[in-house]
Amino acid sequence: MPFIPHTETDVKQMLASIGVNDIEALFDEIPAELRIGLLDKVPAGLNEMEMSRLMHVRASGPQPLCFIGAGAYEHHIPAAIWEIVTRGEFYSAYTPYQAEASQGTLQLIYEYQTMMAHLTGMEASNASLYDGASGLAEAVLMAVRANRKSKSKRILMPASVNPTYRSVVQTIVENQGITLELVDYQLDAGCIDVASLPADPGDVAALVIPQPNFFGVLEDVNALTDWAHVHGLLVIAVVNPTSLALLTPPGEWGEQGADVVCGEGQPLGVPLAGGGPYFGFMCCNLKHVRQMPGRIVGRTVDADGKPGFALTLQAREQHIRRSKATSNICTNQGLVVAAATIYMTLLGAQGLNRVANSSHQNTQNLAAQLNAIDGVTMAFASPTFHEFVIKLDGVSAEDVLGALMADGVLGGFNLNADYPALGEAILVCATETKTAADIAAYRDALSRVMSRLKGGAA
Amino acid sequence: MPFIPHTETDVKQMLASIGVNDIEALFDEIPAELRIGLLDKVPAGLNEMEMSRLMHVRASGPQPLCFIGAGAYEHHIPAAIWEIVTRGEFYSAYTPYQAEASQGTLQLIYEYQTMMAHLTGMEASNASLYDGASGLAEAVLMAVRANRKSKSKRILMPASVNPTYRSVVQTIVENQGITLELVDYQLDAGCIDVASLPADPGDVAALVIPQPNFFGVLEDVNALTDWAHVHGLLVIAVVNPTSLALLTPPGEWGEQGADVVCGEGQPLGVPLAGGGPYFGFMCCNLKHVRQMPGRIVGRTVDADGKPGFALTLQAREQHIRRSKATSNICTNQGLVVAAATIYMTLLGAQGLNRVANSSHQNTQNLAAQLNAIDGVTMAFASPTFHEFVIKLDGVSAEDVLGALMADGVLGGFNLNADYPALGEAILVCATETKTAADIAAYRDALSRVMSRLKGGAA
Amino acid sequence: MSNEMKRNINSQNINGHQDGVIFEKSHSGRTNACQSPRESSASRVIPASLLRESPPLLPEVSEMQAVRHFTRLSQKNFSIDTHFYPLGSCTMKYNPRACNTLAMLPGFLNYHPLAPVETGQGFMSCLYELQEILKEVTGMKEVSLTPMAGAQGEFAGMAMIRAYHDARGDTARCEVICPDAAHGTNPATAVMCGYKVKEIPTRADGDIDIEALKEVIGPQTAGIMLTNPSTVGVFERRITEIAKIVHDAGGLLYYDGANLNAILGKVRPGDMGFDVIHMNLHKTFSTPHGGGGPGAGPVGVSERLIPFLPVPMVGYDGDQYHWLTKKDRPQSIGRLSAFAGNAGVLMRAYIYARLLGREGMPRIAEYSTLNANYMMVELQKKGFDLAFPSRRATHEFIVTLKRQAKTLDVSAMDFAKRLLDYGYHAPTTYFPLLVPECFLIEPTETEDKDTLDGFIDAMAKIQSEAETQADMVKAAPYTLPARRLDDVRAARELDIVWKPGEQTR
Amino acid sequence: MSNEMKRNINSQNINGHQDGVIFEKSHSGRTNACQSPRESSASRVIPASLLRESPPLLPEVSEMQAVRHFTRLSQKNFSIDTHFYPLGSCTMKYNPRACNTLAMLPGFLNYHPLAPVETGQGFMSCLYELQEILKEVTGMKEVSLTPMAGAQGEFAGMAMIRAYHDARGDTARCEVICPDAAHGTNPATAVMCGYKVKEIPTRADGDIDIEALKEVIGPQTAGIMLTNPSTVGVFERRITEIAKIVHDAGGLLYYDGANLNAILGKVRPGDMGFDVIHMNLHKTFSTPHGGGGPGAGPVGVSERLIPFLPVPMVGYDGDQYHWLTKKDRPQSIGRLSAFAGNAGVLMRAYIYARLLGREGMPRIAEYSTLNANYMMVELQKKGFDLAFPSRRATHEFIVTLKRQAKTLDVSAMDFAKRLLDYGYHAPTTYFPLLVPECFLIEPTETEDKDTLDGFIDAMAKIQSEAETQADMVKAAPYTLPARRLDDVRAARELDIVWKPGEQTR
Ligand SMILES: Cc1ncc(COP(=O)(O)O)c(C=O)c1O
Ligand SMILES: Cc1ncc(COP(=O)(O)O)c(C=O)c1O
């Protein structure tokens with residue numbers, strides 16, 4: 001019996017101790033009419049050898065060259081990370097409820113909090129949320145709670161924020177009566193025009209500022225932050241953590257810095273893996289920490305006066321506060337956070353900076369080369385981090401991406417459905433993992449595809 | 001600098017403490033004329049990302065269906081094994097010289113010794129030798145030392161022993177004046193004819209008995225053992241450990257059992273990996289244990305009287321006995337032994353028996369199907385374990401194997417070079433990893449190839 | 001021997017700097033050449049006003065320092081792979097290693113979530129089949145895998161209930177009923193979905209107080225959140241009656257399926273009359289807890305809630321697997337994550353389910369129930385008080401140490417800490433809240449009898465320690481990397497981010 | 001608190017049964033369904049006389065029990081990934097994790113050693129390039145990778161020397177010269193190759209006594225086995241002179257290259273005049289020691305020994321990589337292993353070498369030498385006696401505790417055991433044999449200054465403990481999974497195989 005250690009003798013002794021004749025007797029409180037037979041639609045069990053064979057087949061297949069970003073980024077992941085993270089002591093431990101038996105996990109989270117705080121320029125970090133999108137939803141809920149000056153449940157949400165994030169936020173906050181008001185972007189610049197923001201926005205709880213935004217474009221975060229603060233809005237920053245090795249941390253945006261910082265942690269050592277598990281990070285300053293959702297680890301001392309770590313500020317959480325908690329979150333993304341912590345440790349500020357720089361430069365490089373192809377233009381003139389948008393002339397983005405895929409290149413994310421105003425447009429990314437040859441391969445493939453499709457030939 | 005933690009400040013402080021100006025000064029005892037410049041032919045360093053890319057390319061390529069055995073066997077390897085074995089505490093520890101700081105490794109080896117002893121039916125096991133072939137060489141050296149009744153350095157070595165093993169033994173023992181005398185096999189049965197052994201072999205130190213032999217055929221080990229003992233020879237058994245779940249353990253061969261048991265440990269949870277690292281196992285009875293080469297772990301007690309483990313009988317070893325040691329072996333195959341120990345633990349006697357059985361049956365099955373192909377016959381009539389020899393009629397083994405490879409099937413080991421008397425013959429293996437479909441795929445491929453090659457068509 | 005010497009001898013790693021926080025091992029200027037891309041000289045196009053002025057404070061350590069630090073940290077944890085961990089409501093069972101290895105095959109890890117589905121059919125087929133397996137196991141009509149943990153599954157479930165009422169124009173329903181024993185996420189979720197929470201009490205026999213239910217239910221009731229077996233570890237026998245009461249009032253039934261271990265293959269929430277269920281794959285389906293996550297909380301629904309399931313889901317047209325999105329399912333409550341949820345966790349659960357197979361499912365229920373009942377009876381024989389002595393244990397059961405707290409002044413917390421010294425992780429303490437000084441004990445099916453017996457013995461020993469040396473027990477643990485930690489100070493003198501210039505030890 | 005209680009409190013895992021040997025956790029009838037093939041009913045063709053009568057005694061435990069047992073065992077080890085491990089002559093440096101991960105890619109692991117080379121070109125290209133790198137690093141003319149550890153490399157080297165003399169008909173050479181400081185494998189190897197060993201002494205300054213060499217050398221001399229830097233941790237300055245003496249006498253020079261760390265990229269054995277060298281890739285090239293192996297001991301040779309190199313080697317014809325065997329190299333001493341040696345170890349070394357690159361090689365020498373010299377000087381400043389105070393340290397150096405043994409009755413062994421309490425693995429003790437009460441200390445380049453300082457501090461503290469509390473030090477360690485073990489009993493009451501009915505603790 002897979003994973004069941006009982007011998008026949010064990011079972012006999014245990015049943016005798018309980019005083020029943022068979023295991024079935026232990027289910028005698030379940031009403032008979034509810035009992036079921038075999039689960040026919042569940043396939044019969046496989047042994048590990050058979051399962052391994054099956055999964056190897058399913059994991060095989062072509063591995064195309066991938067230039068998609070759009071919220072999940074291919075970065076080099078040092079081998080040490082997952083070898084350590086999957087050690088049983090991290091992998092198979094529970095949430096550190098018994099602090100004394102969980103100092104490893106607790107200290108690691110404390111170190112993680114420290115790294116995230118320094119990276120974002122904030123004073124506090126939680127121990128993670130599910131992912132970047134749901135983390136933004138939690139940030140919105142938190143901002144509504146935290147903005148003591150505002151009574152409104154209005155949030156300004158730029159259209160340059162990842163459209164999927166916007167829809168996740170919508171799903172999560174709408175039942176509490178919070179409304180998201182769209183802030184448009186400039187069609188030529190791909191970012192918000194600060195000058196176009198209303199002189200008197202009324203009572204609004206918060207402004208969300210993406211950096212870089214979904215188009216890879218850098219927003220004028222300083223001006224946006226100051227505008228928000230002048231009008232009593234809190235600022236929620238949604239940032240790419242890799243970019244923070246290079247870009248102004250949200251804590252230093254404008255005069256006062258952002259109030260809540262969140263984002264997707266995946267770029268920090270987490271494999272693409274079909275979309276998860278990733279993790280959402282969230283930081284804020286101490287004045288708001290009691291409004292923050294999720295677990296927080298604090299350093300304290302033990303009975304001998306030696307430093308040690310424990311979960312703290314638990315009065316914010318569902319297991320203590322129940323219906324009055326800051327969030328319903330319980331299980332978070334602990335193991336993924338462990339990976340990110342080791343990633344940041346292995347890279348350090350300089351390594352992360354090189355990742356950011358190299359991604360930026362590869363992207364610049366790719367953009368320049370694609371731009372030279374007939375029928376391909378850059379959608380926006382603004383500076384970008386490690387993504388950019390190309391516009392296609394006379395061909396559909398869908399056809400182009402399909403043709404590229406047949407050539408072994410995943411050319412990017414089709415913006416058509418989310419941003420029809422852009423026409424046929426593709427969001428493209430090149431991180432540090434892309435070599436000059438990869439970039440040339442994309443260029444060559446795209447230029448073949450463009451001339452074929454535009455030429456009308458098959 | 002990869003893997004070097006020194007900061008500039010560290011280096012300055014350290015040099016100041018030493019009292020030199022630069023690191024170069026530390027090399028001042030090396031004669032200047034011997035110093036070299038850059039190692040031009042060593043390629044420039046790569047970072048992990050670049051190296052990872054390179055190795056992924058080198059590891060890619062077709063993975064043909066493999067029916068080769070001939071000393072290395074594809075078995076299912078439970079995932080848990082290598083996840084545990086590669087834990088830093090096992091992976092990056094040294095030989096357990098400081099017993100108190102190495103109880104993990106030591107206890108594991110003690111458990112390994114126990115399993116091997118029980119598997120082979122012997123009283124003692126060492127902690128491993130390099131591999132099966134060199135292990136046999138050590139067994140020969142040991143037998144010469146251990147056979148007090150014999151003054152000769154003659155060893156009877158059956159031709160049915162793996163030919164590579166025979167040549168390794170030759171390389172290792174010849175400089176000590178030991179001679180290997182070939183014992184022939186029966187061309188129709190594929191094993192030794194006990195009746196054909198000399199009535200008076202003279203003074204011979206030992207007889208080597210393979211079980212199963214290189215052809216997969218089972219030798220009459222009981223009769224062979226008794227013959228050897230009657231004539232004052234020690235018996236060296238070379239066995240496949242998987243087969244021992246099914247077959248009589250050498251400790252029970254004939255009247256008195258074998259004297260030294262050795263073999264290749266690879267089938268016990270060790271990946272094929274292009275040929276290594278594997279490990280050689282060696283067992284004997286207590287009366288010979290002081291002649292055994294290699295490390296041995298013993299259970300003892302600590303200062304508190306609690307059980308603990310330590311290297312023992314070190315007076316046999318080179319670091320104590322130097323030129324009088326039983327062998328020059330120092331580093332052995334510790335980590336691979338850890339894998340084998342976990343393998344045997346996860347499978348248990350029943351699991352290992354099923355592996356043996358299933359391999360045996362798949363092989364029977366495959367043999368029957370190949371036998372039905374025109375131009376293919378079984379070389380030997382004798383019972384086999386999980387390998388068998390086919391003879392090809394009118395085509396060359398080399399051509400057949402080449403054509404099968406083009407079809408994605410590695411059809412076996414070509415016996416031509418080592419056993420020309422067999423004609424065009426191939427040694428074939430099907431372990432428990434082969435499904436009915438795999439077996440059918442081989443049969444179909446071979447029957448296509450045979451009719452193509454025999455038909456003379458391209 | 002001086003006192004200081006004595007202390008030195010007995011404290012592991014006297015030279016304690018080895019275990020300070022990673023920042024204390026950092027020295028400025030140290031880098032890991034192997035882990036950073038080469039420096040490139042190409043120019044940047046980012047305006048200076050958007051650039052960071054000083055680098056973030058991240059550790060500067062070598063790769064080996066990092067490996068050593070985190071390897072040593074890991075050793076300070078209890079975990080399933082090292083200890084018996086009978087944490088009630090958490091289902092700490094063995095996480096098969098193959099589930100990890102196979103889910104981490106490069107072909108899966110490198111798959112971009114927005115890559116064309118043509119390039120990920122193997123991956124998607126696993127998710128699709130997992131949907132099918134979970135449907136069958138729960139008896140629900142359709143499953144969405146997207147929620148990323150139990151609590152998000154609860155959110156999805158309650159949001160669907162709300163969407164259902166809204167779609168019918170039944171908008172006055174503003175209350176959700178929860179038993180007082182409910183897990184904290186239940187009321188918290190109800191509030192996140194804009195509901196008010198009404199608590200109903202649990203009876204002395206562990207079942208819900210149906211009279212109380214009848215009193216609070218009404219046209220304002222959107223639904224009820226239950227779990228069965230309940231969080232007090234017993235099977236709610238009158239579940240069919242409860243379902244009828246709720247449905248008759250126009251409410252829907254939410255099933256908190258965090259703990260399915262005791263009913264797998266025995267009885268199904270769908271058959272009990274539930275409208276929506278979430279499952280914690282990181283419990284019943286043995287995906288690892290990872291020191292706090294990630295998990296996965298798929299939701300299953302009855303016929304009437306199908307249109308509202310969160311997207312994406314995986315569809316199959318007989319030829320190709322594809323994502324189902326809001327376009328395909330316009331009434332969906334929408335998305336809960338940027339992509340498809342915790343895919344890697346789902347893969348592990350899929351592998352586990354296939355390893356178990358249809359025969360394995362009921363066995364889980366049988367042996368987890370056997371283990372729990374055995375421990376319950378044996379602990380009772382040793383003199384411990386059960387919270388619900390008249391009932392069968394399900395996968396878990398509750399011991400109350402109220403008597404010990406009162407007569408010996410040794411609390412459940414003290415027992416818990418002392419258990420750590422004996423090499424056992426403590427059971428869940430002080431949950432559910434309604435049982436004073438409680439231990440919620442869940443052994444799971446993967447523990448052998450010797451281990452259970454060892455734990456029972458340890459409990460008995462601690463009991464006798466408590467009787468003779470209460471102070472010793474109250475100051476436990478003694479043998480762990482830390483003595484008892486000061487939680488009050490942790491909250492009062494908040495230290496949640498390390499700052500330069502500090503020294504841990 | 002009773003004494004028993006006190007002891008209980010302070011012993012980890014009071015409930016010790018958890019750490020017995022695996023057989024004690026075994027219960028008859030337990031199986032791991034997941035890990036065995038299905039039972040098949042087909043008949044067997046094996047005669048009963050060849051079948052086993054009763055199954056072997058292997059553990060019967062669940063997968064989780066196995067995982068828990070071996071995970072817990074692992075935690076009882078010191079290792080590079082957890083501790084500073086300055087074991088002289090062993091080069092315990094960081095083993096980069098990528099070397100493991102990349103060497104274990106499925107494409108490599110599944111490659112059968114007898115598969116056609118067409119299907120393993122990627123694998124073979126790594127081996128070929130490693131041969132080339134090792135040639136360049138050692139300055140030798142040709143390299144064979146096949147020896148499976150240092151000692152087997154030595155064997156190959158000495159067998160080649162013998163084959164060389166034999167090939168020239170120079171068969172009277174029956175002696176091999178070794179310094180008294182030589183590693184035990186050297187004399188043992190010489191004997192395995194049929195030679196007699198002549199020892200020559202080491203001078204007080206650590207160099208070889210050339211006069212003694214001149215005395216023993218002669219027409220009976222097959223060769224000399226040296227290592228440089230020598231096993232006493234100094235560079236043999238007159239190596240060119242020694243080479244001339246040996247060559248003039250018709251002997252060949254064997255270089256024990258177990259420890260190349262201090263000379264990598266600085267000076268090459270080939271340039272010093274050596275005819276043959278083995279390298280321990282599990283030291284200099286950072287492949288893991290694995291608690292005792294596996295290693296790899298490739299050999300490199302000068303021009304005249306090329307024909308004798310052991311096979312297989314990897315050849316490249318500009319198009320395809322292929323195995324070179326006895327057919328291609330008829331004068332080869334032959335094969336040393338069933339296949340091509342410890343291929344997986346070679347792969348790890350190859351990856352390491354490529355990560356280092358040409359610039360990285362001399363850096364290894366520089367920083368390992370810096371660390372050793374720093375520690376040597378600092379320990380001397382703390383009052384420890386150096387074995388060769390007038391010399392530079394190479395990658396390692398020797399402290400002698402003779403004075404402490406004499407005046408305080410605290411031996412090198414006592415210092416070693418007490419260091420364990422401080423969280424440091426002990427240096428190599430009592431080797432080389434010629435230095436009494438010695439510590440051979442090799443920090444390697446991968447340790448940072450703080451760690452070295454911590455070790456130096458610990459040594460100083462132990463010194464003062466030895467002065468005031470010798471008995472305490474002599475009974476160390478106190479904080480490890482075992483107190484000092486009884487080696488004498490281990491050998492006298494030999495218990496090397498567990499037997500049923502026994503109970504460990
Ligand atoms: C009964 C019950 N409900 C809900 C949850 C919440 O699940 P999660 O932690 O995955 O969000 C848990 C787990 O802690 C639980 O035990
Ligand atoms: C100087 C020296 N020579 C030879 C050897 C033997 O190498 P191996 O243990 O790999 O056989 C060693 C390693 O222990 C050594 O240090």
# chains A, B, ... in the order shown; residues from 1 in each chain; ligands from 1
>>> residues_around(residues="stretch 90-98 of chain C", least_positions_apart="3", cutoff="7 Å", atoms="only C-alpha atoms", output="PyMOL selection string")
(chain A and resi 92) or (chain B and resi 79-80) or (chain C and resi 80+85-87+101-102+283-284+286-288+442+444+446) or (chain D and resi 64)
>>> residues_near_ligand(ligand="ligand 2", cutoff="8 Å", atoms="only C-alpha atoms and all ligand atoms", output="ChimeraX atom specification")
/B:328-332 /D:88-90,148-154,182-186,227,230-231,256-259,280,282,293,295-297
>>> write_last_selection(atoms="N, CA, C and O atoms", output="compact mmCIF listing (two decimals), in the first residue's frame")
# COMPACT_ATOMS: atom_id res chain seq x y z
N ASN B 328 46.04 -0.54 -1.62
CA ASN B 328 46.35 0.90 -1.56
C ASN B 328 45.08 1.74 -1.50
O ASN B 328 45.15 2.96 -1.48
N ILE B 329 43.90 1.11 -1.49
CA ILE B 329 42.68 1.91 -1.61
C ILE B 329 42.51 2.85 -0.43
O ILE B 329 42.78 2.50 0.72
N CYS B 330 42.07 4.03 -0.72
CA CYS B 330 41.87 5.07 0.30
C CYS B 330 40.46 5.63 0.08
O CYS B 330 39.50 5.09 0.60
N THR B 331 40.32 6.61 -0.78
CA THR B 331 38.99 7.06 -1.18
C THR B 331 38.27 5.89 -1.85
O THR B 331 38.85 5.20 -2.67
N ASN B 332 37.01 5.68 -1.44
CA ASN B 332 36.25 4.62 -2.10
C ASN B 332 35.03 5.22 -2.78
O ASN B 332 35.13 6.32 -3.33
N GLY D 88 43.74 18.82 6.50
CA GLY D 88 44.92 18.91 5.65
C GLY D 88 45.05 17.74 4.70
O GLY D 88 44.68 16.61 5.03
N SER D 89 45.54 18.03 3.51
CA SER D 89 45.75 17.04 2.46
C SER D 89 44.42 16.58 1.85
O SER D 89 44.43 15.70 1.00
N CYS D 90 43.33 17.17 2.27
CA CYS D 90 42.03 16.72 1.78
C CYS D 90 41.28 17.78 0.97
O CYS D 90 40.29 17.50 0.32
N MET D 148 40.06 5.74 -10.79
CA MET D 148 38.86 6.09 -10.04
C MET D 148 39.10 6.80 -8.72
O MET D 148 38.16 7.17 -8.04
N ALA D 149 40.36 6.93 -8.34
CA ALA D 149 40.69 7.73 -7.15
C ALA D 149 42.19 7.96 -7.21
O ALA D 149 42.88 7.45 -8.12
N GLY D 150 42.68 8.72 -6.24
CA GLY D 150 44.10 9.00 -6.22
C GLY D 150 44.93 7.74 -6.20
O GLY D 150 45.88 7.58 -6.98
N ALA D 151 44.56 6.81 -5.33
CA ALA D 151 45.35 5.60 -5.19
C ALA D 151 45.37 4.81 -6.50
O ALA D 151 46.39 4.21 -6.86
N GLN D 152 44.27 4.80 -7.22
CA GLN D 152 44.29 4.07 -8.48
C GLN D 152 45.11 4.81 -9.53
O GLN D 152 45.74 4.20 -10.39
N GLY D 153 45.10 6.14 -9.43
CA GLY D 153 45.99 6.93 -10.28
C GLY D 153 47.44 6.59 -9.98
O GLY D 153 48.26 6.42 -10.90
N GLU D 154 47.76 6.48 -8.71
CA GLU D 154 49.12 6.09 -8.34
C GLU D 154 49.46 4.72 -8.92
O GLU D 154 50.55 4.50 -9.45
N ALA D 182 55.59 10.63 3.00
CA ALA D 182 54.63 10.31 1.93
C ALA D 182 53.30 9.80 2.46
O ALA D 182 53.23 9.19 3.54
N HIS D 183 52.29 10.05 1.70
CA HIS D 183 50.96 9.54 2.01
C HIS D 183 51.00 8.02 1.95
O HIS D 183 51.70 7.45 1.12
N GLY D 184 50.23 7.37 2.82
CA GLY D 184 50.25 5.91 2.91
C GLY D 184 49.99 5.20 1.60
O GLY D 184 50.46 4.09 1.36
N THR D 185 49.22 5.83 0.73
CA THR D 185 48.92 5.17 -0.54
C THR D 185 50.18 4.99 -1.38
O THR D 185 50.24 4.07 -2.19
N ASN D 186 51.18 5.85 -1.21
CA ASN D 186 52.37 5.74 -2.06
C ASN D 186 53.11 4.42 -1.84
O ASN D 186 53.27 3.65 -2.78
N THR D 227 55.70 14.38 -3.80
CA THR D 227 54.59 15.32 -3.98
C THR D 227 55.14 16.69 -3.67
O THR D 227 55.99 16.85 -2.80
N SER D 230 55.02 19.34 -0.78
CA SER D 230 55.08 18.04 -0.14
C SER D 230 53.98 17.88 0.90
O SER D 230 53.28 18.84 1.22
N THR D 231 53.86 16.69 1.42
CA THR D 231 52.82 16.45 2.42
C THR D 231 53.10 17.17 3.73
O THR D 231 52.23 17.19 4.60
N ASP D 256 52.77 12.72 -6.92
CA ASP D 256 51.49 12.53 -6.24
C ASP D 256 50.77 13.87 -6.24
O ASP D 256 51.05 14.74 -5.43
N GLY D 257 49.87 14.03 -7.18
CA GLY D 257 49.21 15.32 -7.36
C GLY D 257 47.88 15.41 -6.65
O GLY D 257 46.96 16.08 -7.13
N ALA D 258 47.79 14.71 -5.54
CA ALA D 258 46.53 14.78 -4.79
C ALA D 258 46.21 16.23 -4.45
O ALA D 258 45.06 16.65 -4.46
N ASN D 259 47.26 16.99 -4.16
CA ASN D 259 47.05 18.36 -3.71
C ASN D 259 47.70 19.35 -4.66
O ASN D 259 48.84 19.73 -4.50
N ASN D 280 43.98 14.36 -7.84
CA ASN D 280 42.73 14.04 -7.15
C ASN D 280 41.70 15.10 -7.51
O ASN D 280 41.69 16.19 -6.95
N HIS D 282 38.79 15.10 -6.77
CA HIS D 282 37.94 15.30 -5.59
C HIS D 282 38.64 16.18 -4.57
O HIS D 282 38.14 16.33 -3.45
N GLY D 293 34.01 9.10 -0.79
CA GLY D 293 34.16 8.89 -2.22
C GLY D 293 32.82 9.10 -2.90
O GLY D 293 31.86 9.45 -2.21
N GLY D 295 35.85 9.47 -5.95
CA GLY D 295 36.76 10.49 -6.45
C GLY D 295 37.11 10.20 -7.88
O GLY D 295 36.40 9.46 -8.57
N ALA D 296 38.18 10.79 -8.33
CA ALA D 296 38.72 10.47 -9.65
C ALA D 296 40.18 10.85 -9.63
O ALA D 296 40.53 11.90 -9.09
N GLY D 297 41.01 10.01 -10.20
CA GLY D 297 42.47 10.22 -10.13
C GLY D 297 43.15 10.15 -11.48
O GLY D 297 44.05 9.33 -11.66
>>> atom_distance(atom1="atom CA of A:Ala425", atom2="atom CA of A:Asp407")
19.4 Å
>>> select_by_dssp(residues="stretch 229-401 of chain B", states="alpha helix (DSSP H)", output="NGL selection string")
:B and (229-230 or 318-321 or 334-371 or 397-401)
>>> closest_atom_pairs(of="chain D", to="chain A", cutoff="9 Å", atoms="only C-alpha atoms", output="CSV")
residue,atom,partner,partner_atom,distance
D:His27,CA,A:Thr7,CA,7.2
D:Ser28,CA,A:Thr7,CA,7.3
D:Gly29,CA,A:Thr7,CA,5.7
D:Arg30,CA,A:Thr7,CA,5.4
D:Thr31,CA,A:Met1,CA,7.3
D:Asn32,CA,A:Pro2,CA,5.9
D:Ala33,CA,A:Pro2,CA,4.9
D:Cys34,CA,A:Asn47,CA,4.4
D:Gln35,CA,A:Glu48,CA,6.1
D:Ser36,CA,A:Asn47,CA,7.2
D:Pro37,CA,A:Asn47,CA,7.2
D:Arg38,CA,A:Asn47,CA,8.0
D:Val61,CA,A:Pro5,CA,6.9
D:Ser62,CA,A:Pro5,CA,5.1
D:Glu63,CA,A:Phe3,CA,6.4
D:Met64,CA,A:Phe3,CA,7.1
D:Gln65,CA,A:Pro5,CA,8.3
D:Val67,CA,A:Gly88,CA,8.9
D:Arg68,CA,A:Gly88,CA,8.9
D:Thr71,CA,A:Gly88,CA,7.7
D:Pro96,CA,A:Ala80,CA,7.8
D:Arg97,CA,A:Ala80,CA,5.1
D:Ala98,CA,A:Ala79,CA,5.0
D:Cys99,CA,A:Ala79,CA,8.6
D:Asn100,CA,A:Ala79,CA,8.6
D:Thr101,CA,A:Ala79,CA,6.5
D:Leu102,CA,A:Ala79,CA,8.5
>>> residues_around(residues="D:Arg72", least_positions_apart="2", cutoff="12 Å", atoms="only C-alpha atoms", output="ChimeraX atom specification")
/A:87-89 /B:84,87,89-90,103-105,107-108 /C:75,77-83,423 /D:13,18-22,64-70,74-77,481
>>> residues_around(residues="D:Ala365", least_positions_apart="4", cutoff="8 Å", atoms="only C-alpha atoms", output="PDB file with C-alpha atoms, in the first residue's frame")
ATOM      1  CA  ASN D 261      45.603  23.580  -4.993  1.00  0.00           C
ATOM      2  CA  ALA D 262      48.642  25.655  -4.105  1.00  0.00           C
ATOM      3  CA  ILE D 263      50.327  25.491  -7.477  1.00  0.00           C
ATOM      4  CA  LEU D 264      47.426  25.613  -9.907  1.00  0.00           C
ATOM      5  CA  GLY D 265      48.396  28.016 -12.651  1.00  0.00           C
ATOM      6  CA  LYS D 266      51.647  28.884 -10.867  1.00  0.00           C
ATOM      7  CA  MET D 361      43.128  28.537 -11.856  1.00  0.00           C
ATOM      8  CA  THR D 369      47.989  29.988  -0.136  1.00  0.00           C
ATOM      9  CA  HIS D 395      47.869  25.395   0.682  1.00  0.00           C
ATOM     10  CA  GLU D 445      40.478  29.285  -0.831  1.00  0.00           C
TER      11      GLU D 445
END
